[in-house]
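A.B. asks: The file below is upload06.cif, mmCIF, C-alpha atoms:
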data_run
#
loop_
_atom_site.label_atom_id
_atom_site.label_comp_id
_atom_site.auth_asym_id
_atom_site.auth_seq_id
_atom_site.Cartn_x
_atom_site.Cartn_y
_atom_site.Cartn_z
CA MET A 593 165.66 137.29 -39.72
CA ARG A 594 166.35 136.34 -43.35
CA LEU A 595 169.55 138.40 -43.29
CA THR A 596 170.71 136.60 -40.13
CA VAL A 597 170.10 133.18 -41.72
CA PHE A 598 171.92 134.27 -44.88
CA ILE A 599 174.94 135.44 -42.86
CA LEU A 600 174.99 132.18 -40.93
CA LEU A 601 174.92 130.18 -44.17
CA ILE A 602 177.81 132.20 -45.57
CA SER A 603 179.73 131.59 -42.36
CA VAL A 604 179.12 127.82 -42.53
CA PHE A 605 180.14 127.54 -46.15
CA SER A 606 183.20 129.74 -45.61
CA SER A 607 184.42 127.70 -42.66
CA GLY A 608 183.80 124.50 -44.60
CA ALA A 609 185.80 125.84 -47.52
CA GLN A 610 188.74 126.42 -45.18
CA ASP A 611 188.85 122.79 -44.08
CA ILE A 612 191.50 120.99 -46.08
CA PRO A 613 192.48 117.30 -46.16
CA PHE A 614 195.47 116.10 -44.17
CA LYS A 615 196.29 113.33 -46.65
CA TRP A 616 198.97 114.48 -49.09
CA GLU A 617 197.33 112.70 -52.05
CA GLU A 618 193.97 114.39 -51.42
CA LEU A 619 195.27 117.96 -51.33
CA VAL A 620 194.87 120.21 -54.35
CA GLY A 621 197.57 122.58 -55.50
CA SER A 622 195.62 125.72 -54.66
CA ASP A 623 195.43 124.61 -51.01
CA TRP A 624 199.12 123.81 -50.66
CA GLU A 625 200.14 127.01 -48.89
CA LYS A 626 197.18 126.66 -46.53
CA ALA A 627 198.25 123.10 -45.69
CA LEU A 628 201.82 124.23 -45.01
CA GLU A 629 200.68 127.03 -42.73
CA LYS A 630 198.01 124.99 -40.94
CA SER A 631 200.49 122.18 -40.27
CA ALA A 632 203.24 124.58 -39.17
CA TYR A 633 205.23 123.04 -42.05
CA THR A 634 204.95 119.59 -40.47
CA CYS A 635 204.57 116.31 -42.35
CA ILE A 636 204.14 112.76 -41.04
CA LEU A 637 205.80 109.90 -42.90
CA PRO A 638 204.20 106.56 -41.89
CA MET A 639 206.61 103.68 -42.35
CA GLY A 640 206.34 99.89 -42.23
CA VAL A 641 207.02 96.81 -44.32
CA LEU A 642 205.21 93.97 -46.02
CA GLU A 643 205.82 90.72 -44.15
CA LYS A 644 204.08 87.69 -42.71
CA HIS A 645 202.30 88.21 -39.38
CA GLY A 646 201.71 84.71 -38.10
CA PRO A 647 199.05 82.54 -39.77
CA HIS A 648 196.23 85.01 -39.09
CA ALA A 649 197.18 88.68 -39.56
CA PRO A 650 197.66 90.64 -42.81
CA MET A 651 201.01 91.24 -44.51
CA GLY A 652 200.56 94.98 -44.18
CA SER A 653 199.90 94.99 -40.42
CA ASP A 654 202.75 97.43 -39.71
CA LEU A 655 201.59 99.76 -42.46
CA ILE A 656 198.00 99.61 -41.22
CA HIS A 657 199.15 100.58 -37.75
CA ALA A 658 201.40 103.46 -38.84
CA ARG A 659 198.82 104.82 -41.28
CA GLU A 660 195.89 104.62 -38.86
CA TRP A 661 197.90 106.21 -36.05
CA ALA A 662 198.90 109.05 -38.37
CA PHE A 663 195.36 109.63 -39.61
CA ARG A 664 193.83 109.68 -36.13
CA ALA A 665 196.52 112.01 -34.84
CA ALA A 666 196.25 114.39 -37.81
CA GLU A 667 192.49 114.62 -37.33
CA ASN A 668 193.15 116.08 -33.88
CA GLU A 669 196.39 117.98 -34.51
CA TYR A 670 196.66 118.93 -38.16
CA ALA A 671 199.70 117.74 -40.07
CA VAL A 672 200.02 116.56 -43.65
CA VAL A 673 200.32 112.77 -43.89
CA PHE A 674 202.50 111.43 -46.69
CA PRO A 675 201.54 108.10 -48.33
CA GLU A 676 203.07 105.27 -46.33
CA PHE A 677 206.65 104.15 -47.05
CA ILE A 678 206.76 100.36 -47.48
CA TYR A 679 210.47 99.74 -48.05
CA GLY A 680 211.99 98.99 -44.66
CA GLN A 681 214.42 96.51 -43.13
CA VAL A 682 212.83 93.05 -43.20
CA TYR A 683 215.49 90.72 -44.57
CA GLU A 684 214.74 88.25 -41.75
CA ALA A 685 211.42 87.43 -43.45
CA LYS A 686 212.74 87.07 -46.98
CA HIS A 687 212.18 83.29 -46.92
CA LEU A 688 208.42 83.74 -46.47
CA PRO A 689 205.76 84.57 -49.10
CA GLY A 690 204.43 88.13 -49.18
CA THR A 691 207.66 89.77 -48.01
CA ILE A 692 209.01 92.66 -50.06
CA THR A 693 212.67 93.63 -49.66
CA ILE A 694 214.96 95.82 -51.73
CA PRO A 695 218.77 96.27 -51.63
CA SER A 696 219.90 98.11 -48.50
CA ASP A 697 221.59 100.93 -50.42
CA LEU A 698 218.44 101.49 -52.46
CA MET A 699 216.30 101.44 -49.31
CA TRP A 700 218.45 104.18 -47.80
CA SER A 701 218.52 106.24 -51.01
CA LEU A 702 214.77 105.93 -51.47
CA LEU A 703 214.02 107.07 -47.92
CA GLN A 704 216.48 109.95 -48.24
CA ALA A 705 214.99 111.00 -51.57
CA THR A 706 211.53 110.85 -50.02
CA VAL A 707 212.32 113.14 -47.08
CA ASP A 708 214.26 115.45 -49.42
CA GLU A 709 211.22 115.73 -51.69
CA ILE A 710 208.88 116.33 -48.75
CA ALA A 711 211.20 119.17 -47.70
CA ARG A 712 211.45 120.54 -51.24
CA ASN A 713 207.68 120.91 -51.15
CA GLY A 714 207.94 123.30 -48.23
CA PHE A 715 207.94 121.17 -45.07
CA LYS A 716 210.50 121.97 -42.39
CA ARG A 717 209.56 119.29 -39.87
CA ILE A 718 209.23 115.64 -40.87
CA LEU A 719 208.05 113.06 -38.36
CA ILE A 720 208.78 109.42 -39.18
CA LEU A 721 206.10 107.21 -37.67
CA ASN A 722 207.37 103.65 -37.69
CA GLY A 723 205.13 100.60 -37.30
CA HIS A 724 207.78 97.88 -37.74
CA GLY A 725 210.19 96.85 -34.99
CA GLY A 726 212.75 95.63 -37.50
CA ASN A 727 213.16 99.20 -38.73
CA ASN A 728 214.23 100.61 -35.38
CA HIS A 729 218.03 100.49 -35.76
CA PHE A 730 217.90 101.48 -39.42
CA ILE A 731 215.71 104.56 -38.88
CA ARG A 732 217.67 105.79 -35.86
CA TYR A 733 220.86 105.65 -37.89
CA PHE A 734 219.10 107.35 -40.80
CA VAL A 735 217.91 110.21 -38.59
CA GLN A 736 221.37 110.61 -37.06
CA ALA A 737 222.93 110.65 -40.53
CA GLN A 738 220.87 113.70 -41.52
CA LEU A 739 223.74 115.68 -39.96
CA GLU A 740 225.99 114.44 -42.75
CA LYS A 741 225.34 117.58 -44.75
CA LYS A 742 223.52 120.89 -44.34
CA ARG A 743 219.75 120.65 -44.60
CA ASP A 744 217.03 123.24 -44.09
CA PHE A 745 214.66 120.79 -42.44
CA ALA A 746 214.63 118.50 -39.42
CA VAL A 747 213.72 114.81 -39.28
CA TYR A 748 212.21 113.44 -36.08
CA LEU A 749 211.45 109.84 -35.06
CA HIS A 750 208.43 109.13 -32.87
CA THR A 751 209.86 107.32 -29.83
CA PRO A 752 207.40 107.68 -26.93
CA SER A 753 208.21 106.39 -23.48
CA THR A 754 205.79 104.02 -21.78
CA ASP A 755 203.33 105.54 -19.36
CA PRO A 756 203.40 103.46 -16.14
CA GLU A 757 199.63 103.74 -15.63
CA VAL A 758 198.82 102.72 -19.21
CA ASN A 759 201.35 99.91 -18.97
CA ARG A 760 199.67 98.70 -15.77
CA LYS A 761 196.27 98.63 -17.49
CA ILE A 762 197.71 96.76 -20.46
CA ASN A 763 199.29 94.15 -18.21
CA GLU A 764 196.04 93.71 -16.30
CA MET A 765 194.18 93.04 -19.54
CA ARG A 766 196.79 90.74 -21.07
CA LYS A 767 196.19 86.99 -20.94
CA THR A 768 199.57 85.71 -22.19
CA ASP A 769 202.99 85.66 -20.56
CA TYR A 770 204.87 85.88 -23.85
CA ASP A 771 203.87 88.43 -26.47
CA GLY A 772 205.67 89.62 -29.59
CA HIS A 773 205.21 89.70 -33.36
CA ALA A 774 201.56 88.99 -34.31
CA GLY A 775 200.93 88.06 -30.68
CA GLU A 776 198.27 89.23 -28.26
CA ARG A 777 198.88 92.99 -28.40
CA GLU A 778 199.41 93.29 -32.14
CA THR A 779 196.43 91.06 -32.87
CA SER A 780 194.36 93.18 -30.48
CA THR A 781 195.18 96.44 -32.25
CA LEU A 782 194.34 94.87 -35.60
CA LEU A 783 191.05 93.55 -34.21
CA TYR A 784 190.27 97.12 -33.21
CA LEU A 785 191.47 98.81 -36.42
CA ARG A 786 190.75 96.22 -39.14
CA PRO A 787 188.83 93.21 -37.78
CA ASP A 788 187.83 92.27 -41.32
CA LEU A 789 191.43 91.29 -42.11
CA VAL A 790 192.19 89.11 -39.07
CA LYS A 791 191.63 85.33 -39.33
CA MET A 792 191.24 84.48 -35.65
CA GLU A 793 190.36 80.86 -36.37
CA ARG A 794 193.91 80.36 -37.70
CA THR A 795 195.84 81.71 -34.70
CA GLY A 796 196.63 78.19 -33.49
CA ASP A 797 197.82 76.83 -36.83
CA GLU A 798 201.44 77.60 -35.89
CA SER A 799 203.37 77.93 -32.65
CA GLY A 800 204.50 81.37 -31.57
CA ARG A 801 206.92 80.13 -28.91
CA PRO A 802 210.66 80.81 -29.36
CA GLN A 803 212.55 77.78 -30.65
CA GLY A 804 215.83 78.59 -28.91
CA ARG A 805 218.04 77.29 -31.72
CA LEU A 806 220.83 79.81 -31.10
CA ASP A 807 222.65 80.28 -27.80
CA LEU A 808 225.29 83.03 -28.00
CA PRO A 809 225.18 85.14 -24.80
CA GLY A 810 226.70 88.59 -25.22
CA LEU A 811 226.68 88.41 -29.01
CA TYR A 812 224.43 89.73 -31.76
CA THR A 813 224.00 88.17 -35.19
CA GLY A 814 221.49 88.88 -37.93
CA ILE A 815 220.05 85.37 -37.93
CA TRP A 816 218.83 85.67 -34.33
CA TRP A 817 215.19 86.27 -35.25
CA TYR A 818 215.00 83.39 -37.69
CA ALA A 819 216.62 81.12 -35.12
CA ASP A 820 213.75 81.69 -32.68
CA PHE A 821 210.81 82.53 -34.97
CA PRO A 822 211.20 81.02 -38.44
CA HIS A 823 207.43 81.27 -39.04
CA HIS A 824 207.34 84.97 -38.14
CA TYR A 825 205.01 84.45 -35.20
CA ALA A 826 205.90 85.33 -31.62
CA GLY A 827 203.17 84.92 -29.04
CA ASP A 828 199.56 83.82 -29.18
CA GLY A 829 197.19 85.87 -31.28
CA ALA A 830 194.19 83.92 -29.98
CA ALA A 831 194.34 85.99 -26.78
CA GLY A 832 193.78 89.25 -28.66
CA SER A 833 190.81 91.45 -27.83
CA VAL A 834 189.21 94.61 -29.20
CA GLU A 835 189.28 96.19 -25.75
CA LEU A 836 193.04 95.79 -25.41
CA GLY A 837 193.50 97.00 -28.98
CA LYS A 838 191.53 100.18 -28.28
CA LEU A 839 193.55 100.93 -25.14
CA ILE A 840 196.88 100.52 -26.96
CA THR A 841 195.73 102.48 -30.01
CA ASP A 842 194.28 105.38 -28.02
CA TYR A 843 197.51 105.75 -26.07
CA GLN A 844 199.64 105.56 -29.21
CA VAL A 845 197.57 108.25 -30.92
CA GLU A 846 197.70 110.40 -27.79
CA THR A 847 201.51 110.27 -27.77
CA ILE A 848 201.66 111.18 -31.48
CA ILE A 849 199.39 114.17 -30.93
CA ARG A 850 201.60 115.27 -28.05
CA ASN A 851 204.73 114.93 -30.19
CA LEU A 852 203.14 116.77 -33.09
CA ARG A 853 202.45 119.72 -30.82
CA GLN A 854 206.04 119.66 -29.63
CA ILE A 855 207.38 119.53 -33.17
CA LYS A 856 205.13 122.30 -34.46
CA ASN A 857 206.39 124.61 -31.70
CA ASP A 858 210.02 123.53 -31.99
CA GLU A 859 212.31 126.22 -33.35
CA THR A 860 215.35 125.08 -31.39
CA THR A 861 216.22 121.99 -33.44
CA LEU A 862 216.55 123.94 -36.68
CA GLU A 863 218.47 126.73 -34.92
CA LEU A 864 220.93 124.24 -33.46
CA GLN A 865 221.30 122.47 -36.79
CA ASN A 866 222.19 125.76 -38.48
CA GLU A 867 224.65 126.60 -35.71
CA PHE A 868 226.21 123.14 -36.10
CA TYR A 869 226.52 123.47 -39.90
CA ASP A 870 227.98 126.99 -39.61
CA LEU A 871 230.70 125.73 -37.26
CA ILE A 872 231.60 122.99 -39.75
CA GLU A 873 231.81 125.50 -42.62
CA GLU A 874 233.98 127.86 -40.55
CA GLY A 875 236.41 125.04 -39.83
CA PHE A 876 238.33 124.61 -36.60
CA SER A 877 241.83 125.10 -35.30
CA PRO A 878 243.98 122.41 -33.65
CA GLY A 879 243.25 122.24 -29.95
CA GLN A 880 239.59 123.28 -30.24
#
Here is the file; what I need is its structure written in the form of structure tokens.

C.D. replies:
Amino acid sequence: MRLTVFILLISVFSSGAQDIPFKWEELVGSDWEKALEKSAYTCILPMGVLEKHGPHAPMGSDLIHAREWAFRAAENEYAVVFPEFIYGQVYEAKHLPGTITIPSDLMWSLLQATVDEIARNGFKRILILNGHGGNNHFIRYFVQAQLEKKRDFAVYLHTPSTDPEVNRKINEMRKTDYDGHAGERETSTLLYLRPDLVKMERTGDESGRPQGRLDLPGLYTGIWWYADFPHHYAGDGAAGSVELGKLITDYQVETIIRNLRQIKNDETTLELQNEFYDLIEEGFSPGQ
């Protein structure tokens, strides 16, 4: 009996010793190889910005979302989570307090240096998890530009499609007809993730309706957001609810877990990249 208990205790302690953190900053050097193997050489890079979110939500809302999504996903499907990247495209909020912007060339170089360093530390698959809509065009171009030169790693961008059933449930729960930045849905997810940071009593201090100060059909210009939402508020945060926030968050985490599993089993992307680079190095003849 005593021997059985002793063996069980050894088993418990041994299994506990094999559990390693998923947060990059909490790993110790002697566990690095274990983390690489356990993650299938996969790292998540949460990305957002620091900007105003209406009169009621925190400056780091996008970072909170990306970080929390990454943590919850990594708890279910192990991947190493890099500390969040705060330098994104948010020039449209530069006139408001709390916004942090850096020159565009530095932003690009810093993100490139970051993924290069993640790869230098042994990761072959890097998933960018973006929490800020203003980053969308920038990050897509960044990911596409990884083909500029030969690399021994692949960069992925989390871009899940909407599930019709989940979308139906969200629409049934929503109370507002117009919902954007710091509006009902974003306020709801923050109420679920960090209710201590949301000042619900201030949601009505500013209007979140578009001002319609620019009418240029068929054209795009960088000032479009400021023209409609100079206060960086689009929607009505007062309609937010914890229940809606949980539904949105659970679905987002589910899609990240699904994508992590795809990435960890993906050998094709790296194979195709190598094939692509080899063809470039070999050169081509006229008419090819």

A.B. asks: At a cut-off of 8 Å, can you tabulate as a Markdown table every residue of stretch 594-689 of chain A near stretch 704-723 of chain A together with its closest atom pair and the distance in Å to one decimal, using all atoms listed in the file and ordering rows by chain then number?

C.D. replies:
| residue | atom | partner | partner_atom | distance |
| --- | --- | --- | --- | --- |
| A:Leu628 | CA | A:Phe715 | CA | 6.8 |
| A:Tyr633 | CA | A:Phe715 | CA | 4.5 |
| A:Thr634 | CA | A:Arg717 | CA | 4.7 |
| A:Cys635 | CA | A:Ile718 | CA | 4.9 |
| A:Ile636 | CA | A:Leu719 | CA | 4.7 |
| A:Leu637 | CA | A:Ile720 | CA | 4.8 |
| A:Pro638 | CA | A:Leu721 | CA | 4.7 |
| A:Met639 | CA | A:Asn722 | CA | 4.7 |
| A:Gly640 | CA | A:Gly723 | CA | 5.1 |
| A:Asp654 | CA | A:Gly723 | CA | 4.6 |
| A:Leu655 | CA | A:Gly723 | CA | 6.3 |
| A:His657 | CA | A:Gly723 | CA | 6.0 |
| A:Ala658 | CA | A:Gly723 | CA | 4.9 |
| A:Ala662 | CA | A:Leu721 | CA | 7.5 |

A.B. asks: Give me the stretch 768-797 of chain A side of the contact with stretch 825-833 of chain A, cut-off 7 Å, one line per residue showing its nearest atom pair and distance in Å at one decimal, counting all atoms listed in the file, sorted by chain and residue number, as CSV.

C.D. replies:
residue,atom,partner,partner_atom,distance
A:Thr768,CA,A:Ala831,CA,7.0
A:Tyr770,CA,A:Gly827,CA,5.5
A:Asp771,CA,A:Gly827,CA,4.4
A:Gly772,CA,A:Ala826,CA,4.8
A:His773,CA,A:Ala826,CA,4.8
A:Ala774,CA,A:Tyr825,CA,5.8
A:Gly775,CA,A:Gly827,CA,4.2
A:Glu776,CA,A:Gly832,CA,4.5
A:Arg777,CA,A:Gly832,CA,6.3
A:Thr779,CA,A:Gly832,CA,5.3
A:Ser780,CA,A:Gly832,CA,4.4
A:Leu783,CA,A:Ser833,CA,6.7
A:Met792,CA,A:Ala830,CA,6.4
A:Thr795,CA,A:Ala830,CA,5.5

A.B. asks: On this structure, which residues satisfy the PyMOL selection byres ((chain A and resi 753) around 12), written as a PyMOL selection string?

C.D. replies: chain A and resi 750-752+754-759+843-844+847-848+850-851

A.B. asks: List, as a PyMOL selection string, every residue that the PyMOL selection byres ((chain A and resi 838) around 9) selects in the file provided.

C.D. replies: chain A and resi 780-781+783-785+833-837+839-843

A.B. asks: Let me see the file: selected residues, C-alpha atoms, as an mmCIF file, keeping the file's coordinate frame.

C.D. replies:
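The file below, out.cif, is the result:
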data_model
loop_
_atom_site.group_PDB
_atom_site.id
_atom_site.type_symbol
_atom_site.label_atom_id
_atom_site.label_comp_id
_atom_site.auth_asym_id
_atom_site.auth_seq_id
_atom_site.Cartn_x
_atom_site.Cartn_y
_atom_site.Cartn_z
ATOM 1 C CA SER A 780 194.360 93.180 -30.480
ATOM 2 C CA THR A 781 195.180 96.440 -32.250
ATOM 3 C CA LEU A 783 191.050 93.550 -34.210
ATOM 4 C CA TYR A 784 190.270 97.120 -33.210
ATOM 5 C CA LEU A 785 191.470 98.810 -36.420
ATOM 6 C CA SER A 833 190.810 91.450 -27.830
ATOM 7 C CA VAL A 834 189.210 94.610 -29.200
ATOM 8 C CA GLU A 835 189.280 96.190 -25.750
ATOM 9 C CA LEU A 836 193.040 95.790 -25.410
ATOM 10 C CA GLY A 837 193.500 97.000 -28.980
ATOM 11 C CA LEU A 839 193.550 100.930 -25.140
ATOM 12 C CA ILE A 840 196.880 100.520 -26.960
ATOM 13 C CA THR A 841 195.730 102.480 -30.010
ATOM 14 C CA ASP A 842 194.280 105.380 -28.020
ATOM 15 C CA TYR A 843 197.510 105.750 -26.070
#

A.B. asks: Record the distance separating atom CA of A:Arg664 and atom CA of A:Gly726, expressed in Å with one decimal.

C.D. replies: 23.6 Å

A.B. asks: Can you pull out every residue within 12 Å of stretch 617-620 of chain A, counting all atoms listed in the file, but drop anything in the same chain fewer than 6 positions away, and send it as an mmCIF file with C-alpha atoms, in the coordinates of the input?

C.D. replies:
data_model
loop_
_atom_site.group_PDB
_atom_site.id
_atom_site.type_symbol
_atom_site.label_atom_id
_atom_site.label_comp_id
_atom_site.auth_asym_id
_atom_site.auth_seq_id
_atom_site.Cartn_x
_atom_site.Cartn_y
_atom_site.Cartn_z
ATOM 1 C CA ASP A 611 188.850 122.790 -44.080
ATOM 2 C CA LYS A 626 197.180 126.660 -46.530
ATOM 3 C CA ALA A 627 198.250 123.100 -45.690
ATOM 4 C CA LEU A 628 201.820 124.230 -45.010
ATOM 5 C CA VAL A 672 200.020 116.560 -43.650
ATOM 6 C CA VAL A 673 200.320 112.770 -43.890
ATOM 7 C CA PHE A 674 202.500 111.430 -46.690
ATOM 8 C CA PRO A 675 201.540 108.100 -48.330
ATOM 9 C CA GLU A 676 203.070 105.270 -46.330
#

A.B. asks: Pull out every residue that the PyMOL selection byres ((chain A and resi 670) around 7) matches in the shown coordinates and put them as a list in words.

C.D. replies: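 With the PyMOL selection byres ((chain A and resi 670) around 7) on this model, the match is Phe614, Lys630, Ser631, Ala666, Glu667, Asn668, Glu669, Ala671 and Val672 of chain A.
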
A.B. asks: Would you write out those residues with C-alpha atoms, as an mmCIF file, in the coordinates of the input?

C.D. replies:
data_model
loop_
_atom_site.group_PDB
_atom_site.id
_atom_site.type_symbol
_atom_site.label_atom_id
_atom_site.label_comp_id
_atom_site.auth_asym_id
_atom_site.auth_seq_id
_atom_site.Cartn_x
_atom_site.Cartn_y
_atom_site.Cartn_z
ATOM 1 C CA PHE A 614 195.470 116.100 -44.170
ATOM 2 C CA LYS A 630 198.010 124.990 -40.940
ATOM 3 C CA SER A 631 200.490 122.180 -40.270
ATOM 4 C CA ALA A 666 196.250 114.390 -37.810
ATOM 5 C CA GLU A 667 192.490 114.620 -37.330
ATOM 6 C CA ASN A 668 193.150 116.080 -33.880
ATOM 7 C CA GLU A 669 196.390 117.980 -34.510
ATOM 8 C CA ALA A 671 199.700 117.740 -40.070
ATOM 9 C CA VAL A 672 200.020 116.560 -43.650
#

A.B. asks: Identify the residues within 12 Å of coordinate (220.9, 101.3, -48.7) (same frame as the file), considering all atoms listed in the file, and give the answer as a PyMOL selection string.

C.D. replies: chain A and resi 679-681+693-705+730-731+733-734

A.B. asks: Go ahead and compute the interatomic distance for atom CA of A:Glu867 and atom CA of A:Phe745, in Å to one decimal.

C.D. replies: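 Between atom CA of A:Glu867 and atom CA of A:Phe745 the gap works out to 13.4 Å.
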
A.B. asks: Calculate how many Å separate atom CA of A:Glu660 from atom CA of A:Pro613, rounding to one decimal.

C.D. replies: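 Taking atom CA of A:Glu660 and atom CA of A:Pro613, their separation equals 15.0 Å.
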
A.B. asks: I'd like to know which of A:Ala632, A:Ile815, A:Leu852, A:Ala685 is closest to A:Gly646, using all atoms listed in the file.

C.D. replies: A:Ala685

A.B. asks: I want to know what sits within 10 Å of A:Pro650, based on all atoms listed in the file, with residues of the same chain fewer than 5 positions away left out; could you give that as a list of chain:residue names?

C.D. replies: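 Within the cut-off, the hits are A:Leu642, A:Glu643, A:Lys644, A:His645, A:Leu655, A:Ile656, A:Gly690, A:Ala774, A:Leu782, A:Arg786, A:Leu789, A:Val790, A:Lys791.
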
A.B. asks: Could you please take those selected residues and save C-alpha atoms as a CSV table (one decimal), in the frame of the given file?

C.D. replies:
chain,number,residue,atom,x,y,z
A,642,LEU,CA,205.2,94.0,-46.0
A,643,GLU,CA,205.8,90.7,-44.2
A,644,LYS,CA,204.1,87.7,-42.7
A,645,HIS,CA,202.3,88.2,-39.4
A,655,LEU,CA,201.6,99.8,-42.5
A,656,ILE,CA,198.0,99.6,-41.2
A,690,GLY,CA,204.4,88.1,-49.2
A,774,ALA,CA,201.6,89.0,-34.3
A,782,LEU,CA,194.3,94.9,-35.6
A,786,ARG,CA,190.8,96.2,-39.1
A,789,LEU,CA,191.4,91.3,-42.1
A,790,VAL,CA,192.2,89.1,-39.1
A,791,LYS,CA,191.6,85.3,-39.3
